Structure formats: structure tokens, C-alpha cells
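Below: target.cif (mmCIF, N, CA, C and O atoms)
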```
data_my_file
loop_
_atom_site.label_atom_id
_atom_site.label_comp_id
_atom_site.auth_asym_id
_atom_site.auth_seq_id
_atom_site.Cartn_x
_atom_site.Cartn_y
_atom_site.Cartn_z
N MET L 567 59.66 117.02 19.63
CA MET L 567 59.73 115.60 19.98
C MET L 567 58.35 114.96 19.97
O MET L 567 58.23 113.79 19.70
N GLY L 568 57.31 115.72 20.28
CA GLY L 568 55.97 115.17 20.36
C GLY L 568 55.50 114.53 19.07
O GLY L 568 54.96 113.43 19.07
N VAL L 569 55.71 115.23 17.96
CA VAL L 569 55.26 114.70 16.67
C VAL L 569 56.07 113.47 16.29
O VAL L 569 55.50 112.45 15.89
N THR L 570 57.38 113.54 16.43
CA THR L 570 58.20 112.39 16.07
C THR L 570 57.88 111.20 16.96
O THR L 570 57.88 110.05 16.49
N SER L 571 57.58 111.45 18.21
CA SER L 571 57.20 110.38 19.12
C SER L 571 55.91 109.71 18.64
O SER L 571 55.84 108.48 18.53
N ARG L 572 54.90 110.51 18.34
CA ARG L 572 53.61 109.94 17.90
C ARG L 572 53.77 109.16 16.60
O ARG L 572 53.21 108.07 16.44
N VAL L 573 54.51 109.73 15.66
CA VAL L 573 54.70 109.05 14.37
C VAL L 573 55.49 107.75 14.55
O VAL L 573 55.12 106.70 14.06
N GLY L 574 56.60 107.84 15.28
CA GLY L 574 57.42 106.65 15.52
C GLY L 574 56.67 105.57 16.27
O GLY L 574 56.72 104.39 15.89
N CYS L 575 55.94 105.95 17.30
CA CYS L 575 55.17 104.98 18.07
C CYS L 575 54.09 104.35 17.21
O CYS L 575 53.82 103.14 17.32
N GLY L 576 53.50 105.14 16.33
CA GLY L 576 52.50 104.61 15.42
C GLY L 576 53.07 103.57 14.48
O GLY L 576 52.45 102.52 14.25
N TRP L 577 54.25 103.85 13.94
CA TRP L 577 54.88 102.87 13.04
C TRP L 577 55.30 101.61 13.79
O TRP L 577 55.19 100.51 13.27
N ILE L 578 55.76 101.77 15.02
CA ILE L 578 56.13 100.58 15.81
C ILE L 578 54.87 99.76 16.11
O ILE L 578 54.90 98.52 15.98
N ALA L 579 53.79 100.41 16.46
CA ALA L 579 52.53 99.70 16.71
C ALA L 579 52.06 98.98 15.45
O ALA L 579 51.60 97.83 15.51
N GLU L 580 52.19 99.63 14.30
CA GLU L 580 51.80 98.99 13.04
C GLU L 580 52.69 97.80 12.75
O GLU L 580 52.22 96.75 12.30
N TRP L 581 53.98 97.92 13.00
CA TRP L 581 54.93 96.81 12.80
C TRP L 581 54.52 95.62 13.69
O TRP L 581 54.49 94.48 13.22
N GLN L 582 54.19 95.91 14.96
CA GLN L 582 53.79 94.84 15.87
C GLN L 582 52.49 94.18 15.41
O GLN L 582 52.36 92.96 15.44
N ARG L 583 51.52 94.99 14.99
CA ARG L 583 50.24 94.45 14.51
C ARG L 583 50.47 93.57 13.29
O ARG L 583 49.96 92.46 13.20
N ALA L 584 51.28 94.06 12.38
CA ALA L 584 51.55 93.32 11.14
C ALA L 584 52.29 92.02 11.43
O ALA L 584 51.97 90.98 10.84
N ARG L 585 53.25 92.05 12.33
CA ARG L 585 53.96 90.82 12.70
C ARG L 585 53.01 89.81 13.30
O ARG L 585 53.06 88.61 12.97
N ALA L 586 52.16 90.28 14.20
CA ALA L 586 51.23 89.37 14.88
C ALA L 586 50.23 88.74 13.91
O ALA L 586 49.82 87.59 14.11
N SER L 587 49.87 89.46 12.86
CA SER L 587 48.87 88.94 11.93
C SER L 587 49.49 88.28 10.70
O SER L 587 48.77 87.77 9.84
N GLY L 588 50.82 88.30 10.61
CA GLY L 588 51.49 87.68 9.47
C GLY L 588 51.44 88.50 8.20
O GLY L 588 51.65 87.96 7.11
N ASP L 589 51.19 89.78 8.32
CA ASP L 589 51.09 90.68 7.16
C ASP L 589 52.50 91.20 6.80
O ASP L 589 52.91 92.26 7.24
N GLU L 590 53.21 90.41 6.02
CA GLU L 590 54.61 90.73 5.72
C GLU L 590 54.77 92.03 4.94
O GLU L 590 55.75 92.75 5.12
N ALA L 591 53.82 92.35 4.08
CA ALA L 591 53.90 93.61 3.32
C ALA L 591 53.82 94.80 4.27
O ALA L 591 54.57 95.77 4.13
N ALA L 592 52.94 94.73 5.26
CA ALA L 592 52.81 95.82 6.24
C ALA L 592 54.03 95.87 7.15
O ALA L 592 54.46 96.96 7.55
N VAL L 593 54.61 94.71 7.48
CA VAL L 593 55.85 94.69 8.27
C VAL L 593 56.94 95.45 7.52
O VAL L 593 57.64 96.29 8.09
N ARG L 594 57.06 95.17 6.22
CA ARG L 594 58.09 95.83 5.40
C ARG L 594 57.83 97.33 5.31
O ARG L 594 58.77 98.13 5.41
N ARG L 595 56.56 97.73 5.13
CA ARG L 595 56.24 99.17 5.06
C ARG L 595 56.61 99.88 6.35
O ARG L 595 57.20 100.97 6.33
N ALA L 596 56.26 99.29 7.48
CA ALA L 596 56.57 99.90 8.77
C ALA L 596 58.08 99.96 8.98
O ALA L 596 58.62 100.99 9.43
N ALA L 597 58.77 98.88 8.66
CA ALA L 597 60.23 98.86 8.81
C ALA L 597 60.88 99.90 7.90
O ALA L 597 61.80 100.62 8.32
N ASP L 598 60.39 100.01 6.67
CA ASP L 598 60.93 101.01 5.75
C ASP L 598 60.70 102.42 6.26
O ASP L 598 61.57 103.29 6.14
N ALA L 599 59.52 102.67 6.81
CA ALA L 599 59.22 104.00 7.35
C ALA L 599 60.15 104.33 8.51
O ALA L 599 60.69 105.45 8.59
N LEU L 600 60.37 103.37 9.40
CA LEU L 600 61.26 103.61 10.54
C LEU L 600 62.71 103.77 10.08
O LEU L 600 63.43 104.64 10.57
N ARG L 601 63.11 102.96 9.13
CA ARG L 601 64.47 103.08 8.58
C ARG L 601 64.64 104.46 7.93
O ARG L 601 65.68 105.09 8.05
N GLY L 602 63.60 104.92 7.28
CA GLY L 602 63.65 106.21 6.61
C GLY L 602 63.68 107.40 7.55
O GLY L 602 63.92 108.53 7.11
N SER L 603 63.45 107.16 8.84
CA SER L 603 63.46 108.26 9.80
C SER L 603 64.82 108.96 9.86
O SER L 603 64.90 110.11 10.29
N HIS L 604 65.85 108.28 9.39
CA HIS L 604 67.17 108.93 9.36
C HIS L 604 67.17 110.12 8.39
O HIS L 604 68.02 110.99 8.49
N GLY L 605 66.21 110.16 7.50
CA GLY L 605 66.10 111.26 6.57
C GLY L 605 65.07 112.31 6.96
O GLY L 605 64.90 113.31 6.26
N TRP L 606 64.37 112.10 8.07
CA TRP L 606 63.36 113.06 8.50
C TRP L 606 64.05 114.35 8.94
O TRP L 606 64.90 114.35 9.84
N ARG L 607 63.68 115.44 8.31
CA ARG L 607 64.33 116.72 8.60
C ARG L 607 64.23 117.10 10.08
O ARG L 607 65.19 117.59 10.67
N VAL L 608 63.08 116.88 10.68
CA VAL L 608 62.90 117.25 12.08
C VAL L 608 63.91 116.54 12.97
O VAL L 608 64.46 117.14 13.90
N LEU L 609 64.17 115.28 12.69
CA LEU L 609 65.16 114.55 13.50
C LEU L 609 66.58 115.00 13.18
O LEU L 609 67.42 115.12 14.08
N ARG L 610 66.85 115.27 11.92
CA ARG L 610 68.19 115.77 11.56
C ARG L 610 68.44 117.11 12.22
O ARG L 610 69.54 117.40 12.67
N ASP L 611 67.40 117.96 12.28
CA ASP L 611 67.55 119.26 12.93
C ASP L 611 67.78 119.11 14.43
O ASP L 611 68.48 119.93 15.03
N LEU L 612 67.19 118.08 15.04
CA LEU L 612 67.38 117.85 16.47
C LEU L 612 68.69 117.16 16.79
O LEU L 612 69.17 117.23 17.92
N ASP L 613 69.27 116.49 15.81
CA ASP L 613 70.52 115.77 16.02
C ASP L 613 71.59 116.76 16.46
O ASP L 613 71.79 117.79 15.84
N GLY L 614 72.25 116.47 17.52
CA GLY L 614 73.29 117.35 18.05
C GLY L 614 72.76 118.32 19.10
O GLY L 614 73.53 118.97 19.78
N ALA L 615 71.44 118.41 19.23
CA ALA L 615 70.85 119.30 20.23
C ALA L 615 70.37 118.51 21.44
O ALA L 615 69.50 118.94 22.17
N GLY L 616 70.93 117.35 21.63
CA GLY L 616 70.52 116.46 22.71
C GLY L 616 70.53 115.04 22.19
O GLY L 616 71.03 114.77 21.10
N ASP L 617 69.93 114.17 22.96
CA ASP L 617 69.97 112.74 22.61
C ASP L 617 68.72 112.22 21.94
O ASP L 617 68.65 111.04 21.60
N TRP L 618 67.68 113.06 21.76
CA TRP L 618 66.41 112.57 21.25
C TRP L 618 66.55 111.84 19.92
O TRP L 618 66.07 110.73 19.77
N ALA L 619 67.18 112.46 18.94
CA ALA L 619 67.28 111.84 17.62
C ALA L 619 68.02 110.50 17.70
O ALA L 619 67.58 109.52 17.09
N GLU L 620 69.10 110.46 18.46
CA GLU L 620 69.88 109.22 18.57
C GLU L 620 69.06 108.11 19.23
O GLU L 620 69.11 106.96 18.80
N VAL L 621 68.33 108.46 20.28
CA VAL L 621 67.50 107.46 20.96
C VAL L 621 66.40 106.98 20.02
O VAL L 621 66.15 105.78 19.91
N PHE L 622 65.75 107.90 19.33
CA PHE L 622 64.70 107.54 18.39
C PHE L 622 65.25 106.58 17.34
O PHE L 622 64.66 105.53 17.06
N TRP L 623 66.38 106.94 16.73
CA TRP L 623 66.97 106.11 15.68
C TRP L 623 67.39 104.74 16.20
O TRP L 623 67.30 103.75 15.49
N GLU L 624 67.86 104.69 17.44
CA GLU L 624 68.25 103.40 18.02
C GLU L 624 67.06 102.44 18.05
O GLU L 624 67.15 101.30 17.61
N TYR L 625 65.93 102.93 18.54
CA TYR L 625 64.73 102.09 18.59
C TYR L 625 64.20 101.80 17.19
O TYR L 625 63.81 100.68 16.88
N ALA L 626 64.18 102.82 16.33
CA ALA L 626 63.68 102.64 14.96
C ALA L 626 64.51 101.59 14.22
O ALA L 626 63.96 100.72 13.53
N ASP L 627 65.82 101.64 14.37
CA ASP L 627 66.70 100.69 13.69
C ASP L 627 66.50 99.27 14.21
O ASP L 627 66.54 98.31 13.44
N GLU L 628 66.28 99.13 15.52
CA GLU L 628 66.04 97.81 16.08
C GLU L 628 64.76 97.20 15.52
O GLU L 628 64.73 96.02 15.15
N VAL L 629 63.70 98.01 15.47
CA VAL L 629 62.44 97.50 14.93
C VAL L 629 62.61 97.16 13.45
O VAL L 629 62.17 96.10 12.99
N ALA L 630 63.25 98.04 12.70
CA ALA L 630 63.46 97.78 11.27
C ALA L 630 64.26 96.50 11.05
O ALA L 630 64.07 95.81 10.05
N ALA L 631 65.13 96.16 12.01
CA ALA L 631 65.92 94.94 11.92
C ALA L 631 65.16 93.70 12.43
O ALA L 631 65.66 92.58 12.31
N GLY L 632 63.98 93.91 13.01
CA GLY L 632 63.17 92.76 13.40
C GLY L 632 62.96 92.53 14.87
O GLY L 632 62.42 91.51 15.27
N THR L 633 63.37 93.48 15.73
CA THR L 633 63.14 93.31 17.16
C THR L 633 62.61 94.61 17.75
O THR L 633 62.87 95.68 17.22
N VAL L 634 61.89 94.48 18.84
CA VAL L 634 61.43 95.66 19.56
C VAL L 634 61.74 95.46 21.03
O VAL L 634 61.40 94.44 21.62
N ARG L 635 62.44 96.41 21.58
CA ARG L 635 62.85 96.35 22.99
C ARG L 635 61.68 96.76 23.87
O ARG L 635 60.95 97.71 23.57
N ALA L 636 61.51 96.09 24.99
CA ALA L 636 60.38 96.32 25.88
C ALA L 636 60.27 97.77 26.34
O ALA L 636 59.18 98.27 26.52
N GLY L 637 61.35 98.48 26.50
CA GLY L 637 61.33 99.82 27.05
C GLY L 637 61.00 100.92 26.06
O GLY L 637 61.04 102.10 26.41
N TYR L 638 60.62 100.57 24.84
CA TYR L 638 60.41 101.61 23.83
C TYR L 638 59.26 102.55 24.20
O TYR L 638 59.32 103.74 23.89
N VAL L 639 58.21 102.04 24.85
CA VAL L 639 57.05 102.88 25.18
C VAL L 639 57.48 104.05 26.06
O VAL L 639 57.14 105.21 25.77
N ARG L 640 58.22 103.77 27.09
CA ARG L 640 58.68 104.82 27.99
C ARG L 640 59.74 105.70 27.32
O ARG L 640 59.69 106.92 27.41
N ALA L 641 60.67 105.08 26.63
CA ALA L 641 61.77 105.83 26.04
C ALA L 641 61.29 106.81 24.97
O ALA L 641 61.82 107.92 24.85
N LEU L 642 60.29 106.41 24.20
CA LEU L 642 59.80 107.27 23.12
C LEU L 642 58.55 108.06 23.48
O LEU L 642 58.07 108.86 22.69
N GLY L 643 58.04 107.83 24.68
CA GLY L 643 56.86 108.56 25.11
C GLY L 643 55.58 108.11 24.43
O GLY L 643 54.67 108.91 24.22
N CYS L 644 55.50 106.82 24.10
CA CYS L 644 54.31 106.29 23.44
C CYS L 644 53.15 106.27 24.43
O CYS L 644 53.34 106.08 25.62
N ARG L 645 51.96 106.44 23.90
CA ARG L 645 50.76 106.41 24.75
C ARG L 645 49.83 105.33 24.32
O ARG L 645 49.76 104.93 23.26
#
```
Write-out of the structure in C-alpha cells:
Amino acid sequence: MGVTSRVGCGWIAEWQRARASGDEAAVRRAADALRGSHGWRVLRDLDGAGDWAEVFWEYADEVAAGTVRAGYVRALGCR
């Protein structure tokens, strides 16, 4: 979970930075990366072994769709 948390939090931070600065290309790259997390082997391997993958994908999908929920830092273990 540690690696997926760091990577996911990094992409969410990049999405937020890009939105704030109006960098639409970077917004799309970050959204695509988060959307693509459904194909990450580590998350697929974790799917069914608890709720981590589902929670990660829930937040990733929300950001990819254009919103970020306030609780993502705690839920994903962002630092």
C-alpha cells in the first residue's frame, strides 16, 4: 500500500497543481495516470484482499472526473 499511496498522492498533487495553474495538458496527464490505476498490477493483486484497491480507485476516479474529496489525504495516507 505504501508505494501505491505515494504514487497516487503524487498524481493527485500534480492534478491539483495543474488545475491551479491552468495547465490543462498536465491535468489530463494526471487524470489519465489515475484512471490507468485500474490496470496497475499491484492494485489488481490487492483487489479482493481488503478494501485498499477499491478505496484507492474511488478517489482516483473522482479526481480523474474533475473533483477531489477533502478526505483523500487521510484516506490514502498522503504526507
Six-sided padding of 5 Å per side, axis-aligned box over range 602-611 of chain L, centre and edges in Å, one decimal, as lines of an AutoDock Vina configuration file:
```
center_x = 66.2
center_y = 112.4
center_z = 10.6
size_x = 16.6
size_y = 25.0
size_z = 18.8
```
key: Backbone DSSP call of alpha helix (DSSP H) for chain L, listed as an MDAnalysis selection string   = chainID L and resid 568:587 590:601 607:612 618:630 638:642
task = Could you state which residues are captured by the PyMOL selection byres ((chain L and resi 570-587) around 8) in this file, as a list in words?
result =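 Given this file, the PyMOL selection byres ((chain L and resi 570-587) around 8) evaluates to Met567, Gly568, Val569, Gly588, Asp589, Glu590, Ala591, Ala592, Val593, Arg594, Arg595, Ala596, Ala597, Ala599, Leu600, Val608, Leu609, Phe622, Tyr625, Ala626, Val629, Val634, Tyr638, Val639, Ala641, Leu642, Gly643, Cys644 and Arg645 of chain L.
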message = One decimal, in Å: what's the spacing between CA of Asp627 in chain L and CA of Gly605 in chain L?
response = 12.8 Å
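For the pair atom N of Arg601 in chain L and atom N of Ala630 in chain L, the interatomic distance is 6.1 Å.
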ask   = What is the CA of Arg610 in chain L-atom C of Trp623 in chain L distance in Å, reported with one decimal?
value =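 Those two atoms sit 12.0 Å apart.
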Please return range 598-609 of chain L, rebuilt to all heavy atoms, as an mmCIF file, keeping the file's coordinate frame.
```cif
data_model
loop_
_atom_site.group_PDB
_atom_site.id
_atom_site.type_symbol
_atom_site.label_atom_id
_atom_site.label_comp_id
_atom_site.auth_asym_id
_atom_site.auth_seq_id
_atom_site.Cartn_x
_atom_site.Cartn_y
_atom_site.Cartn_z
ATOM 1 N N ASP L 598 60.390 100.010 6.670
ATOM 2 C CA ASP L 598 60.930 101.010 5.750
ATOM 3 C C ASP L 598 60.700 102.420 6.260
ATOM 4 O O ASP L 598 61.570 103.290 6.140
ATOM 5 C CB ASP L 598 60.322 100.852 4.359
ATOM 6 C CG ASP L 598 60.809 99.616 3.622
ATOM 7 O OD1 ASP L 598 61.823 99.015 4.054
ATOM 8 O OD2 ASP L 598 60.164 99.248 2.620
ATOM 9 N N ALA L 599 59.520 102.670 6.810
ATOM 10 C CA ALA L 599 59.220 104.000 7.350
ATOM 11 C C ALA L 599 60.150 104.330 8.510
ATOM 12 O O ALA L 599 60.690 105.450 8.590
ATOM 13 C CB ALA L 599 57.759 104.069 7.808
ATOM 14 N N LEU L 600 60.370 103.370 9.400
ATOM 15 C CA LEU L 600 61.260 103.610 10.540
ATOM 16 C C LEU L 600 62.710 103.770 10.080
ATOM 17 O O LEU L 600 63.430 104.640 10.570
ATOM 18 C CB LEU L 600 61.120 102.484 11.558
ATOM 19 C CG LEU L 600 59.787 102.510 12.304
ATOM 20 C CD1 LEU L 600 59.539 101.189 13.003
ATOM 21 C CD2 LEU L 600 59.749 103.674 13.288
ATOM 22 N N ARG L 601 63.110 102.960 9.130
ATOM 23 C CA ARG L 601 64.470 103.080 8.580
ATOM 24 C C ARG L 601 64.640 104.460 7.930
ATOM 25 O O ARG L 601 65.680 105.090 8.050
ATOM 26 C CB ARG L 601 64.701 101.962 7.559
ATOM 27 C CG ARG L 601 66.135 101.691 7.224
ATOM 28 C CD ARG L 601 66.287 100.486 6.306
ATOM 29 N NE ARG L 601 65.901 99.242 6.960
ATOM 30 C CZ ARG L 601 64.809 98.513 6.654
ATOM 31 N NH1 ARG L 601 63.995 98.881 5.691
ATOM 32 N NH2 ARG L 601 64.542 97.399 7.296
ATOM 33 N N GLY L 602 63.600 104.920 7.280
ATOM 34 C CA GLY L 602 63.650 106.210 6.610
ATOM 35 C C GLY L 602 63.680 107.400 7.550
ATOM 36 O O GLY L 602 63.920 108.530 7.110
ATOM 37 N N SER L 603 63.450 107.160 8.840
ATOM 38 C CA SER L 603 63.460 108.260 9.800
ATOM 39 C C SER L 603 64.820 108.960 9.860
ATOM 40 O O SER L 603 64.900 110.110 10.290
ATOM 41 C CB SER L 603 63.054 107.772 11.194
ATOM 42 O OG SER L 603 64.040 106.910 11.755
ATOM 43 N N HIS L 604 65.850 108.280 9.390
ATOM 44 C CA HIS L 604 67.170 108.930 9.360
ATOM 45 C C HIS L 604 67.170 110.120 8.390
ATOM 46 O O HIS L 604 68.020 110.990 8.490
ATOM 47 C CB HIS L 604 68.249 107.921 8.965
ATOM 48 C CG HIS L 604 68.563 106.953 10.060
ATOM 49 N ND1 HIS L 604 69.478 107.212 11.049
ATOM 50 C CD2 HIS L 604 68.050 105.725 10.326
ATOM 51 C CE1 HIS L 604 69.534 106.188 11.876
ATOM 52 N NE2 HIS L 604 68.681 105.272 11.458
ATOM 53 N N GLY L 605 66.210 110.160 7.500
ATOM 54 C CA GLY L 605 66.100 111.260 6.570
ATOM 55 C C GLY L 605 65.070 112.310 6.960
ATOM 56 O O GLY L 605 64.900 113.310 6.260
ATOM 57 N N TRP L 606 64.370 112.100 8.070
ATOM 58 C CA TRP L 606 63.360 113.060 8.500
ATOM 59 C C TRP L 606 64.050 114.350 8.940
ATOM 60 O O TRP L 606 64.900 114.350 9.840
ATOM 61 C CB TRP L 606 62.538 112.534 9.656
ATOM 62 C CG TRP L 606 61.710 111.322 9.347
ATOM 63 C CD1 TRP L 606 61.566 110.694 8.140
ATOM 64 C CD2 TRP L 606 60.939 110.574 10.280
ATOM 65 N NE1 TRP L 606 60.743 109.606 8.266
ATOM 66 C CE2 TRP L 606 60.334 109.508 9.572
ATOM 67 C CE3 TRP L 606 60.693 110.704 11.637
ATOM 68 C CZ2 TRP L 606 59.506 108.583 10.183
ATOM 69 C CZ3 TRP L 606 59.863 109.784 12.253
ATOM 70 C CH2 TRP L 606 59.275 108.736 11.525
ATOM 71 N N ARG L 607 63.680 115.440 8.310
ATOM 72 C CA ARG L 607 64.330 116.720 8.600
ATOM 73 C C ARG L 607 64.230 117.100 10.080
ATOM 74 O O ARG L 607 65.190 117.590 10.670
ATOM 75 C CB ARG L 607 63.738 117.820 7.738
ATOM 76 C CG ARG L 607 64.453 119.125 7.944
ATOM 77 C CD ARG L 607 63.919 120.211 7.084
ATOM 78 N NE ARG L 607 64.684 121.412 7.374
ATOM 79 C CZ ARG L 607 65.031 122.281 6.478
ATOM 80 N NH1 ARG L 607 64.670 122.106 5.232
ATOM 81 N NH2 ARG L 607 65.721 123.329 6.827
ATOM 82 N N VAL L 608 63.080 116.880 10.680
ATOM 83 C CA VAL L 608 62.900 117.250 12.080
ATOM 84 C C VAL L 608 63.910 116.540 12.970
ATOM 85 O O VAL L 608 64.460 117.140 13.900
ATOM 86 C CB VAL L 608 61.442 117.022 12.545
ATOM 87 C CG1 VAL L 608 61.073 115.550 12.518
ATOM 88 C CG2 VAL L 608 61.213 117.610 13.926
ATOM 89 N N LEU L 609 64.170 115.280 12.690
ATOM 90 C CA LEU L 609 65.160 114.550 13.500
ATOM 91 C C LEU L 609 66.580 115.000 13.180
ATOM 92 O O LEU L 609 67.420 115.120 14.080
ATOM 93 C CB LEU L 609 65.013 113.040 13.305
ATOM 94 C CG LEU L 609 63.782 112.413 13.953
ATOM 95 C CD1 LEU L 609 63.687 110.941 13.599
ATOM 96 C CD2 LEU L 609 63.792 112.605 15.468
#
```
